[in-house]
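Novice: One structure, as structure tokens, below. Some questions next.
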Amino acid sequence: MSKVKVSIVKTNRNPQYLQILKYVREALDLIDGIEDLIKPGDLVLINPSWVAPPVEREAGCITIPEIPRAIADIIKEMDARPVIAESSAVGVDSEKVIQESGYRELREMGYEVIDLKKDKKAHVKLPTLSGKVFDKVDCWELAKQADLIISVPKLKTHDQTEMTCAIKKLKGLLTDKGKKAMHQEGLFEGVVDLLSAVKPRLAVVDAIICQEGIGPVFGKPVEMNLIVAGKDLVAVDATCARLIGYDPAETLLTVNAAARGLGVMDAGQIEVVGVPVAEVRRRFLRSVEDDPVEVEGFNLIQGEATCTGCRNTVISALVDMRNADQTMYLPGVTVVTGDASLPEGIAQENIVTVGLCMQENRTERHVKGCPPNNALVVKAIIGDRAEVKRMYADESLDKTDA
Ligand code: SF4
């Protein structure tokens, strides 16, 4: 059986546009080009990551504009119509990301750069393929209109899913309502449902400056100077996982997508072309290893069955509180996750239970979700004592996460 190709191309440091165009062409040539995917007249949705500010290239948070621009230029040569479109995280103004990053300049040069949130009515329900959480997902209309969707993620560690790359990035094609539902109903199968619904057939990964630690927004930048490409998103993510020091079996989205036949993750089924993984691999600091928050009088009880989803969610909620100067609300609170029993000798009103797995033991201060939204964990800890300071969203918590 022929193997699935994934290309890895090494770039120079701080590459400029024409250099990036050359590297992207090389990455696509190594996977036998994209003529099989695009015909003249096609509408091609190029979907970069605009999750949230910081937008500066050195922060490693959003996809740098030169990569979607290079893909757009290559698509134009094929007489097709490229559209660069995305919606940022819930509560984040995508237009602000466009204006403050180099995407505004792309618009001024004549590229179609679209804030999907701009037309709130332009959404559709797309059917999933044997969906495990959703029969249909709530997407922006352009995802249905496009003849081809290209995922153009930034490679980062993630505070809930270990890693974010070609598959997880697709959440930007969901409406904010769809994003919230995914966190409430089950992220790890929900995102795979989304993958089955939008069927992207190409990924080009911005792994030039990445993020490690508590990504996907507040992680530490890491210079990798790589571009990764492939037509099987599961294989691309599995290869990127290996690049940053994971066994793909540790990244549940990849595992679930492979298990549902949406691509391959085994090294034996993937042919890495270009630079070998071993030559450029670097172990990234994982979210749970990144500078833990320790406050006297605060207890965290993680049951044995607590998966990385809730582990990372709670850690990132604590980091959000530290960044917002709100750790004074932690003493006296106990947070319990997974399959842990409620601790004896502690009044229930002082216990915050987190996640679907705590369903049976939940207290009045329970936080729903699988994994839940970080901001809701902060809200449950703080209660009415103060407003939750959202770290990158402008909208109030009630409006965005109800
Ligand atoms: S609710 Fe359970 S399965 Fe879901 S993220 Fe939390 S620990 Fe994992």
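Lettering and numbering for the structure tokens are positional, with chains as A, B, ... in the shown order, residues counted from 1 in each chain, and ligands counted from 1 in the shown order.
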Residues within 7 Å of stretch 46-63 of chain A, please, as a PDB file with C-alpha atoms, in the first residue's frame. Count only C-alpha atoms; anything in the same chain fewer than 4 positions from it doesn't count.

Specialist:
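Below is the file that was written, around.pdb:
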```pdb
ATOM      1  CA  PRO A  68      -1.733  32.156   3.208  1.00  0.00           C
ATOM      2  CA  PRO A  82      -8.455  31.977  -3.213  1.00  0.00           C
ATOM      3  CA  VAL A  83     -10.223  33.443  -0.175  1.00  0.00           C
ATOM      4  CA  ILE A  84      -8.409  33.812   3.139  1.00  0.00           C
ATOM      5  CA  ALA A  85     -11.053  33.496   5.857  1.00  0.00           C
ATOM      6  CA  GLU A  86     -11.259  32.661   9.549  1.00  0.00           C
ATOM      7  CA  SER A  87     -13.109  33.454  12.769  1.00  0.00           C
ATOM      8  CA  SER A  88     -11.163  34.026  15.964  1.00  0.00           C
ATOM      9  CA  ALA A  89     -11.930  32.474  19.373  1.00  0.00           C
ATOM     10  CA  VAL A  92     -12.411  37.868  20.080  1.00  0.00           C
ATOM     11  CA  SER A  94     -11.426  38.792  14.189  1.00  0.00           C
ATOM     12  CA  VAL A  97      -6.728  40.641  14.442  1.00  0.00           C
ATOM     13  CA  GLU A 100      -3.352  44.702  13.773  1.00  0.00           C
ATOM     14  CA  SER A 101      -1.497  41.977  11.883  1.00  0.00           C
ATOM     15  CA  ILE A 149     -10.648  23.986   2.228  1.00  0.00           C
ATOM     16  CA  ILE A 150      -6.987  24.329   3.158  1.00  0.00           C
ATOM     17  CA  SER A 151      -6.063  24.274   6.835  1.00  0.00           C
ATOM     18  CA  VAL A 152      -3.155  26.652   7.521  1.00  0.00           C
ATOM     19  CA  PRO A 153      -2.478  26.317  11.241  1.00  0.00           C
ATOM     20  CA  LYS A 154       0.237  27.565  13.534  1.00  0.00           C
ATOM     21  CA  LYS A 169      -7.477  24.750  13.774  1.00  0.00           C
ATOM     22  CA  ASP A 206       3.226  27.541   9.791  1.00  0.00           C
ATOM     23  CA  ILE A 209       7.863  30.507  15.076  1.00  0.00           C
ATOM     24  CA  CYS A 210       5.738  28.143  17.183  1.00  0.00           C
ATOM     25  CA  GLN A 211       4.537  28.171  20.805  1.00  0.00           C
ATOM     26  CA  PRO A 216      -2.474  28.445  22.217  1.00  0.00           C
ATOM     27  CA  VAL A 217      -2.203  32.123  23.166  1.00  0.00           C
ATOM     28  CA  PRO A 221       7.663  31.311  21.360  1.00  0.00           C
ATOM     29  CA  TYR A 392      -8.088  37.714  25.238  1.00  0.00           C
TER      30      TYR A 392
END
```

Novice: Would you mind writing down, as JSON, numbers by chain, each residue of stretch 51-258 of chain A that DSSP on the backbone assigns to alpha helix (DSSP H)?

Specialist: {"A": [66, 67, 68, 69, 70, 71, 72, 73, 74, 75, 76, 77, 94, 95, 96, 97, 98, 99, 100, 103, 104, 105, 106, 107, 108, 142, 143, 144, 145, 176, 177, 178, 179, 180, 181, 182, 183, 184, 185, 187, 188, 189, 190, 191, 192, 193, 194, 195, 196, 197, 198, 233, 234, 235, 236, 237, 238, 239, 240, 241, 242, 243, 252, 253, 254, 255, 256, 257, 258]}

Novice: Within 12 Å of ligand 1, counting only C-alpha atoms and all ligand atoms, which protein or nucleic acid residues do you find, written as an MDAnalysis selection string?

Specialist: chainID A and resid 159:162 182:190 252 301:314 336:340 353:360 362 366:374 377

Novice: Between A:Ile38, A:Lys96, A:Arg81, A:Thr175, which one has atoms that come closest to A:Lys121, using only C-alpha atoms?

Specialist: A:Thr175

Novice: Write out as an MDAnalysis selection string which residues come within 10 Å of A:Arg201 when counting only C-alpha atoms, dropping same-chain ones fewer than 4 positions away.

Specialist: chainID A and resid 34 37 148:151 230:233

Novice: Just the number, please: distance in Å from atom CA of A:Asp176 to atom CA of A:Gly219, one decimal.

Specialist: 23.1 Å

Novice: If you measure from atom CA of A:Phe218 to atom CA of A:Val288, what distance in Å do you get, rounded to one decimal?

Specialist: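 Computing it gives 13.1 Å between the two atoms.
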
Novice: Using only C-alpha atoms, find the one residue out of A:Glu212, A:Asp290, A:Asp42, A:Asp32 that sits nearest to A:Gly245.

Specialist: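 Counting only C-alpha atoms, the residue closest to A:Gly245 is A:Glu212.
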
Novice: For A:Leu202, which residue among A:Glu35, A:Asp384, A:Glu66, A:Asp291 is the nearest when counting only C-alpha atoms?

Specialist: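 Of A:Glu35, A:Asp384, A:Glu66, A:Asp291, the one nearest A:Leu202, counting only C-alpha atoms, is A:Glu35.
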
Novice: Counting only C-alpha atoms, what is within 7 Å of stretch 21-26 of chain A, bar same-chain residues fewer than 5 positions away, as a count of residues only?

Specialist: 3

Novice: I'd like the neighbourhood of stretch 269-277 of chain A as a PyMOL selection string, where a residue qualifies if any of its atoms comes within 8 Å (using only C-alpha atoms), though same-chain residues fewer than 5 positions away should be ignored.

Specialist: chain A and resi 2-10+27+30-31+235+239+242-243+264

Novice: Name the residues of stretch 2-210 of chain A that come out as strand (DSSP E or B) in a backbone DSSP run; write them as number ranges by chain.

Specialist: A: 4-10, 43-48, 81-86, 113-115, 123-127, 136-140, 148-152, 154-158, 162-164, 174, 202-210

Novice: Please determine, counting only C-alpha atoms, which residue among A:Arg365, A:Lys39, A:Lys379, A:Arg107 has the shortest atom-to-atom distance to A:Glu77.

Specialist: A:Lys39
